[in-house]
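Asks: Compact mmCIF, C-alpha atoms, saved as coords-v9.txt, coming up:
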# COMPACT_ATOMS: atom_id res chain seq x y z
CA MET K 1 73.23 114.41 119.07
CA THR K 2 76.19 112.99 120.93
CA GLY K 3 76.21 109.99 118.58
CA LYS K 4 76.34 112.26 115.53
CA LYS K 5 79.22 114.23 117.03
CA ALA K 6 81.13 111.03 117.73
CA GLU K 7 80.50 109.81 114.18
CA SER K 8 81.64 113.16 112.78
CA LYS K 9 84.82 112.94 114.84
CA ASP K 10 85.47 109.41 113.54
CA ILE K 11 84.97 110.57 109.95
CA ALA K 12 87.27 113.54 110.45
CA ALA K 13 89.89 111.27 112.04
CA SER K 14 89.61 108.91 109.06
CA TYR K 15 90.19 111.79 106.65
CA VAL K 16 93.25 112.92 108.61
CA ARG K 17 94.61 109.37 108.60
CA GLY K 18 93.93 109.23 104.87
CA LEU K 19 95.85 112.44 104.30
CA LEU K 20 98.78 111.24 106.40
CA GLY K 21 98.84 107.89 104.63
CA GLY K 22 98.66 109.61 101.27
CA MET K 23 101.64 111.79 102.08
CA LEU K 24 103.59 108.84 103.50
CA ILE K 25 103.15 106.77 100.34
CA GLY K 26 102.93 109.52 97.74
CA ALA K 27 105.75 111.86 98.80
CA PRO K 28 108.52 110.10 96.80
CA VAL K 29 106.45 110.24 93.60
CA LEU K 30 105.39 113.83 94.26
CA MET K 31 109.09 114.71 94.28
CA THR K 32 109.88 112.77 91.07
CA MET K 33 110.30 115.09 88.07
CA GLU K 34 109.81 112.30 85.51
CA VAL K 35 106.23 111.95 86.73
CA TRP K 36 105.79 115.74 86.42
CA TRP K 37 106.85 115.59 82.77
CA GLN K 38 104.63 112.61 82.02
CA GLY K 39 101.58 114.67 82.95
CA PHE K 40 101.79 116.34 79.54
CA SER K 41 103.17 113.49 77.41
CA VAL K 42 100.83 110.65 78.41
CA PRO K 43 97.84 110.58 76.02
CA ALA K 44 94.55 111.76 77.52
CA TRP K 45 92.76 108.44 76.97
CA ARG K 46 95.50 106.59 78.85
CA LEU K 47 95.14 109.04 81.73
CA VAL K 48 91.40 108.40 81.86
CA LEU K 49 92.02 104.64 81.76
CA LEU K 50 94.58 104.97 84.56
CA TYR K 51 92.12 106.94 86.67
CA CYS K 52 89.54 104.16 86.21
CA VAL K 53 92.06 101.42 86.97
CA ASN K 54 93.15 103.30 90.07
CA TYR K 55 89.54 103.55 91.21
CA GLY K 56 89.23 99.76 90.84
CA ILE K 57 92.37 99.32 92.96
CA LEU K 58 90.90 101.66 95.59
CA LEU K 59 87.74 99.51 95.70
CA VAL K 60 89.87 96.47 96.45
CA LEU K 61 91.69 98.37 99.17
CA GLN K 62 88.42 99.58 100.67
CA HIS K 63 87.20 96.00 100.77
CA TYR K 64 90.20 94.69 102.70
CA SER K 65 91.29 97.83 104.56
CA GLY K 66 90.30 101.38 103.73
CA LEU K 67 89.03 104.51 105.37
CA SER K 68 85.76 103.03 106.57
CA HIS K 69 84.82 99.84 108.44
CA ARG K 70 81.45 99.76 106.64
CA LYS K 71 81.78 97.05 104.00
CA SER K 72 78.64 97.38 101.88
CA PHE K 73 79.39 98.05 98.22
CA ARG K 74 77.85 101.52 98.45
CA ALA K 75 80.00 102.41 101.46
CA GLN K 76 83.12 101.04 99.77
CA ALA K 77 82.41 102.92 96.54
CA SER K 78 81.89 106.15 98.48
CA ALA K 79 85.08 105.61 100.51
CA ALA K 80 87.02 104.98 97.28
CA VAL K 81 85.74 108.30 95.91
CA VAL K 82 86.85 110.00 99.13
CA ALA K 83 90.33 108.43 98.81
CA LEU K 84 90.49 109.56 95.20
CA GLY K 85 89.48 113.06 96.26
CA ILE K 86 92.07 113.14 99.03
CA GLY K 87 94.71 112.03 96.55
CA THR K 88 93.79 114.62 93.94
CA VAL K 89 93.38 117.60 96.27
CA SER K 90 96.45 116.93 98.42
CA ALA K 91 98.59 116.22 95.35
CA GLY K 92 97.43 119.50 93.84
CA ILE K 93 98.30 121.44 96.98
CA ILE K 94 101.77 119.89 97.27
CA LEU K 95 102.54 120.35 93.57
CA PHE K 96 101.46 124.00 93.82
CA VAL K 97 103.69 124.59 96.84
CA LEU K 98 106.60 122.90 95.05
CA GLY K 99 106.11 125.19 92.05
CA VAL K 100 105.22 122.33 89.71
CA LEU K 101 101.73 123.72 89.12
CA ARG K 102 101.98 127.28 87.85
CA GLY K 103 99.73 129.79 86.16
CA ASP K 104 101.57 129.52 82.84
CA LEU K 105 100.75 125.82 82.37
CA GLU K 106 98.06 124.63 80.01
CA LEU K 107 94.95 123.07 81.55
CA ARG K 108 95.76 119.74 79.87
CA ASP K 109 99.17 119.66 81.58
CA VAL K 110 97.71 120.53 84.98
CA VAL K 111 95.04 117.83 84.76
CA GLY K 112 97.57 115.25 83.60
CA LYS K 113 99.90 115.99 86.49
CA LEU K 114 97.04 115.81 89.00
CA ILE K 115 95.78 112.48 87.66
CA LEU K 116 99.22 110.88 87.74
CA GLN K 117 100.20 112.18 91.15
CA SER K 118 96.82 111.33 92.67
CA VAL K 119 97.41 107.60 92.08
CA PRO K 120 100.04 106.90 94.78
CA VAL K 121 98.55 109.45 97.18
CA SER K 122 95.04 107.95 96.94
CA ILE K 123 96.45 104.44 97.43
CA GLY K 124 98.23 105.68 100.53
CA ALA K 125 95.02 107.26 101.76
CA SER K 126 93.19 103.96 101.33
CA ILE K 127 95.65 101.89 103.34
CA ALA K 128 95.96 104.55 106.03
CA MET K 129 93.42 102.96 108.35
CA SER K 130 95.32 99.69 108.59
CA GLU K 131 98.65 101.50 108.90
CA PHE K 132 97.64 104.04 111.54
CA GLY K 133 94.97 102.06 113.26
CA GLY K 134 91.22 102.27 113.58
CA ASN K 135 88.55 101.01 115.95
CA GLU K 136 88.25 97.38 117.01
CA GLU K 137 85.25 96.78 114.78
CA HIS K 138 87.20 97.90 111.72
CA GLU K 139 90.19 95.69 112.59
CA GLU K 140 88.00 92.62 113.13
CA ILE K 141 86.10 93.08 109.88
CA THR K 142 89.19 93.70 107.75
CA GLU K 143 91.09 90.78 109.31
CA ARG K 144 88.14 88.47 108.66
CA ARG K 145 87.92 89.67 105.06
CA ARG K 146 91.62 89.02 104.44
CA ARG K 147 91.41 85.48 105.85
CA ARG K 148 88.50 84.73 103.51
CA ALA K 149 90.04 86.44 100.48
CA GLY K 150 90.76 83.18 98.64
CA TYR K 151 92.91 82.81 95.55
CA PHE K 152 91.49 85.62 93.43
CA GLY K 153 91.09 87.89 96.43
CA SER K 154 94.77 87.43 97.23
CA LEU K 155 95.67 88.25 93.63
CA SER K 156 93.61 91.45 93.76
CA ILE K 157 95.48 92.47 96.91
CA ALA K 158 98.73 91.64 95.10
CA ILE K 159 97.75 93.99 92.25
CA ALA K 160 97.30 96.79 94.77
CA GLY K 161 100.72 96.08 96.28
CA ALA K 162 102.36 95.95 92.86
CA SER K 163 100.78 99.30 91.98
CA LEU K 164 102.00 100.78 95.23
CA PHE K 165 105.60 99.82 94.48
CA GLY K 166 105.68 99.97 90.70
CA PHE K 167 103.90 103.17 89.72
CA GLY K 168 106.72 105.60 90.42
CA ILE K 169 109.56 103.47 89.04
CA SER K 170 107.69 102.87 85.77
CA ALA K 171 107.78 106.60 84.96
CA THR K 172 111.56 106.81 85.28
CA GLU K 173 114.38 105.95 82.85
CA GLU K 174 115.87 103.26 85.08
CA PRO K 175 113.95 100.24 83.65
CA LEU K 176 115.02 101.27 80.14
CA MET K 177 118.62 101.74 81.25
CA ILE K 178 118.65 98.33 82.92
CA ALA K 179 117.21 96.75 79.77
CA ASP K 180 120.14 98.20 77.78
CA GLN K 181 122.67 96.88 80.29
CA ILE K 182 121.58 93.26 80.72
CA ASP K 183 121.76 90.20 78.49
CA VAL K 184 119.81 86.93 78.47
CA LYS K 185 121.77 85.43 81.37
CA ARG K 186 121.30 88.51 83.56
CA ALA K 187 117.61 88.72 82.65
CA ILE K 188 117.09 85.10 83.70
CA LEU K 189 119.09 85.70 86.89
CA LEU K 190 116.98 88.77 87.68
CA MET K 191 113.80 86.74 87.19
CA LEU K 192 115.09 84.01 89.48
CA LEU K 193 116.09 86.58 92.08
CA SER K 194 112.62 88.12 91.89
CA MET K 195 111.00 84.70 92.30
CA VAL K 196 113.19 83.91 95.30
CA GLN K 197 112.23 87.12 97.07
CA VAL K 198 108.54 86.52 96.32
CA PHE K 199 108.78 82.95 97.64
CA ALA K 200 110.64 84.08 100.76
CA ILE K 201 108.07 86.75 101.60
CA LEU K 202 105.09 84.44 101.07
CA PHE K 203 106.75 81.69 103.09
CA ALA K 204 107.42 84.16 105.91
CA LEU K 205 103.79 85.28 105.86
CA ASP K 206 102.63 81.67 106.11
CA HIS K 207 104.97 81.23 109.07
CA LYS K 208 102.75 83.64 111.02
CA GLU K 209 99.51 81.86 110.16
CA LYS K 210 100.18 78.12 109.86
CA SER K 211 101.15 75.64 112.55
CA LYS K 212 104.75 74.50 112.77
CA ALA K 213 103.70 71.00 111.69
CA ASP K 214 102.47 72.30 108.32
CA LEU K 215 105.48 74.54 107.62
CA GLY K 216 108.09 73.03 105.33
CA SER K 217 105.98 70.06 104.33
CA ARG K 218 105.89 69.05 100.68
CA ALA K 219 102.28 70.16 100.30
CA HIS K 220 103.07 73.51 101.89
CA LEU K 221 106.12 74.13 99.69
CA ILE K 222 104.13 73.27 96.56
CA ALA K 223 101.32 75.63 97.60
CA VAL K 224 103.75 78.49 98.30
CA SER K 225 105.55 77.83 95.01
CA GLN K 226 102.28 78.00 93.07
CA GLU K 227 101.29 81.20 94.84
CA SER K 228 104.74 82.63 94.14
CA VAL K 229 104.37 82.01 90.40
CA SER K 230 100.93 83.68 90.38
CA THR K 231 102.17 86.61 92.44
CA TYR K 232 105.20 87.12 90.22
CA ALA K 233 102.95 87.01 87.15
CA VAL K 234 100.78 89.71 88.71
CA GLY K 235 103.91 91.79 89.31
CA LEU K 236 105.00 91.43 85.68
CA LEU K 237 101.56 92.29 84.31
CA SER K 238 101.31 95.34 86.58
CA ALA K 239 104.78 96.44 85.49
CA ALA K 240 103.84 96.03 81.83
CA TYR K 241 100.69 98.10 82.27
CA PHE K 242 102.39 101.01 84.01
CA LEU K 243 105.32 100.96 81.58
CA TRP K 244 102.85 101.04 78.69
CA THR K 245 100.93 103.91 80.32
CA PHE K 246 104.08 106.00 80.53
CA GLY K 247 105.18 105.10 77.01
CA ALA K 248 108.17 102.99 78.05
CA LEU K 249 106.63 100.13 76.07
CA ASN K 250 105.73 100.96 72.48
CA SER K 251 105.34 99.34 69.07
CA SER K 252 108.75 100.55 67.87
CA MET K 253 110.54 98.63 70.63
CA GLY K 254 111.97 95.20 69.92
CA LEU K 255 110.39 92.22 71.65
CA ILE K 256 113.54 91.26 73.57
CA THR K 257 114.05 94.82 74.81
CA ALA K 258 110.39 95.02 75.89
CA VAL K 259 110.76 91.77 77.85
CA TYR K 260 113.90 93.06 79.54
CA VAL K 261 112.16 96.31 80.53
CA ILE K 262 109.23 94.41 82.04
CA ILE K 263 111.58 92.07 83.94
CA ALA K 264 113.50 95.07 85.28
CA ALA K 265 110.39 96.84 86.54
CA GLY K 266 108.92 93.51 87.65
CA PHE K 267 111.71 93.14 90.19
CA VAL K 268 110.07 96.02 92.09
CA THR K 269 106.40 95.30 91.37
CA SER K 270 106.71 91.64 92.37
CA LEU K 271 108.17 92.72 95.69
CA GLY K 272 105.12 94.91 96.30
CA ALA K 273 102.76 92.16 95.15
CA ALA K 274 104.29 89.64 97.54
CA ALA K 275 104.34 92.03 100.51
CA ALA K 276 100.85 93.40 99.84
CA GLU K 277 99.14 91.53 102.67
CA VAL K 278 101.56 93.07 105.16
CA LEU K 279 101.40 96.56 103.67
CA ILE K 280 97.66 96.60 103.11
Produce structure tokens that represent the structure in this file.

Replies:
Amino acid sequence: MTGKKAESKDIAASYVRGLLGGMLIGAPVLMTMEVWWQGFSVPAWRLVLLYCVNYGILLVLQHYSGLSHRKSFRAQASAAVVALGIGTVSAGIILFVLGVLRGDLELRDVVGKLILQSVPVSIGASIAMSEFGGNEEHEEITERRRRRAGYFGSLSIAIAGASLFGFGISATEEPLMIADQIDVKRAILLMLLSMVQVFAILFALDHKEKSKADLGSRAHLIAVSQESVSTYAVGLLSAAYFLWTFGALNSSMGLITAVYVIIAAGFVTSLGAAAAEVLI
């Protein structure tokens, strides 16, 4: 009986950490009116697709961090559902208190707002355990998983980081405004600046893990450069997806303008992709 009580307390503590993490990450987006408006304008099928994509991201987060230290697929899938539920319910409560959700809104608008706002909150709930701490068993398992992530595992973590940073900015007018303000030279400069920040972050992360003898060697610089290119590509693809979801990318837009918009948003998403291993 005592064991069940202790387990119940651990579960309750995990849910509280999830709620706190969701609010910490999701609060800026919850207060962004562009995301409120997009709840009605984004097509229903794109909302459903986003909800599915978000669930996939939550599975990745549960594998490498998450609310639970149990790492079977069933446990991870259940924990991802819990994170999704925390995101949806807490977003609904906050939006109601803020007056965004009202009785005069259509059901379609309410559902759209909840789906959109649940994305950053549920991601925050998933990373809450690593941010606010858990038991020693959880920390050992997650650390071991991250070390064994490999190339594709690292890219999946990068996608989660890019989503964390890029979701909110993709719903705003700023990427479109930047695309109108820059030319080819500035676009190239922005790409180079993005690559430099990605390289610097990845190099700094390696500094914590590799011996001093390996750091700065030709082989090490080549490896970090290759990882930087992959990480930046993940950031651009994530930016393109979120921009497309919110309608910032469409068939009526010129190719050059579309590229500029993706580069502008990619400056933010690539930062999240590079820093994902620290954040998650």

Asks: Measuring atom to atom with only C-alpha atoms, identify which of K:Phe242, K:Tyr260, K:Phe267, K:Trp45 is nearest to Val196 (chain K).

Replies: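 Nearest candidate to Val196 (chain K) out of K:Phe242, K:Tyr260, K:Phe267, K:Trp45: K:Phe267.
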
Asks: Looking at all atoms listed in the file, which of K:Ala223, K:Ala77, K:Val268, K:Val89 is the one that sits closest to Leu193 (chain K)?

Replies: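 Closest to Leu193 (chain K) of all the choices is K:Val268.
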
Asks: Of the candidates K:Trp244, K:Ser228, K:Glu174, K:Phe40, which shows the shortest atom-to-atom distance to Leu105 (chain K), using only C-alpha atoms?

Replies: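 Smallest separation from Leu105 (chain K) among the options: K:Phe40.
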
Asks: Point out the residue among K:Val278, K:Ile222, K:Ala179, K:Ile94 with the least atom-to-atom distance to Leu19 (chain K), counting only C-alpha atoms.

Replies: K:Ile94

Asks: At most 12 Å from (100.5, 109.9, 80.5), file frame, all atoms listed in the file: which residues, as a PyMOL selection string?

Replies: chain K and resi 34-51+108-117+167+170-171+241-248

Asks: Quick one: pull the distance between CA of Val121 (chain K) and CA of Gly87 (chain K), Å, one decimal.

Replies: 4.7 Å

Asks: Identify, on the basis of all atoms listed in the file, every residue whose closest approach to Leu189 (chain K) does not exceed 12 Å; exclude the query and any residue fewer than 5 positions from it along the same chain; express the result as a count of residues only.

Replies: 10

Asks: Enter the distance from CA of Ala79 (chain K) to CA of Ile169 (chain K), in Å, rounded to one decimal.

Replies: 27.1 Å

Asks: Of the candidates K:Phe96, K:Val16, K:Asp104, K:Leu59, which shows the shortest atom-to-atom distance to Val81 (chain K), using all atoms listed in the file?

Replies: K:Leu59

Asks: Between K:Leu202, K:Leu61, K:Leu24, K:Leu255, which has the minimum distance to His220 (chain K) (counting only C-alpha atoms)?

Replies: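 Among the listed residues, K:Leu202 lies closest to His220 (chain K).
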
Asks: Any idea what the distance is between CA of Ile86 (chain K) and CA of Pro175 (chain K)?

Replies: 29.7 Å

Asks: List the spatial neighbours of Ser163 (chain K) as a PyMOL selection string - criterion: any atom at most 12 Å away, only C-alpha atoms, same-chain residues fewer than 6 positions off excluded.

Replies: chain K and resi 25-26+50+53-54+56-58+61+119-124+156-157+169-170+234-243+265-266+268-276+280

Asks: Output as JSON the centre and edge lengths (Å, one decimal) of the box along x, y and z of the file that holds every listed atom of region 78-91 of chain K after adding 6 Å on each side.

Replies:
{"center_x": 90.2, "center_y": 111.3, "center_z": 97.2, "size_x": 28.7, "size_y": 24.6, "size_z": 18.6}
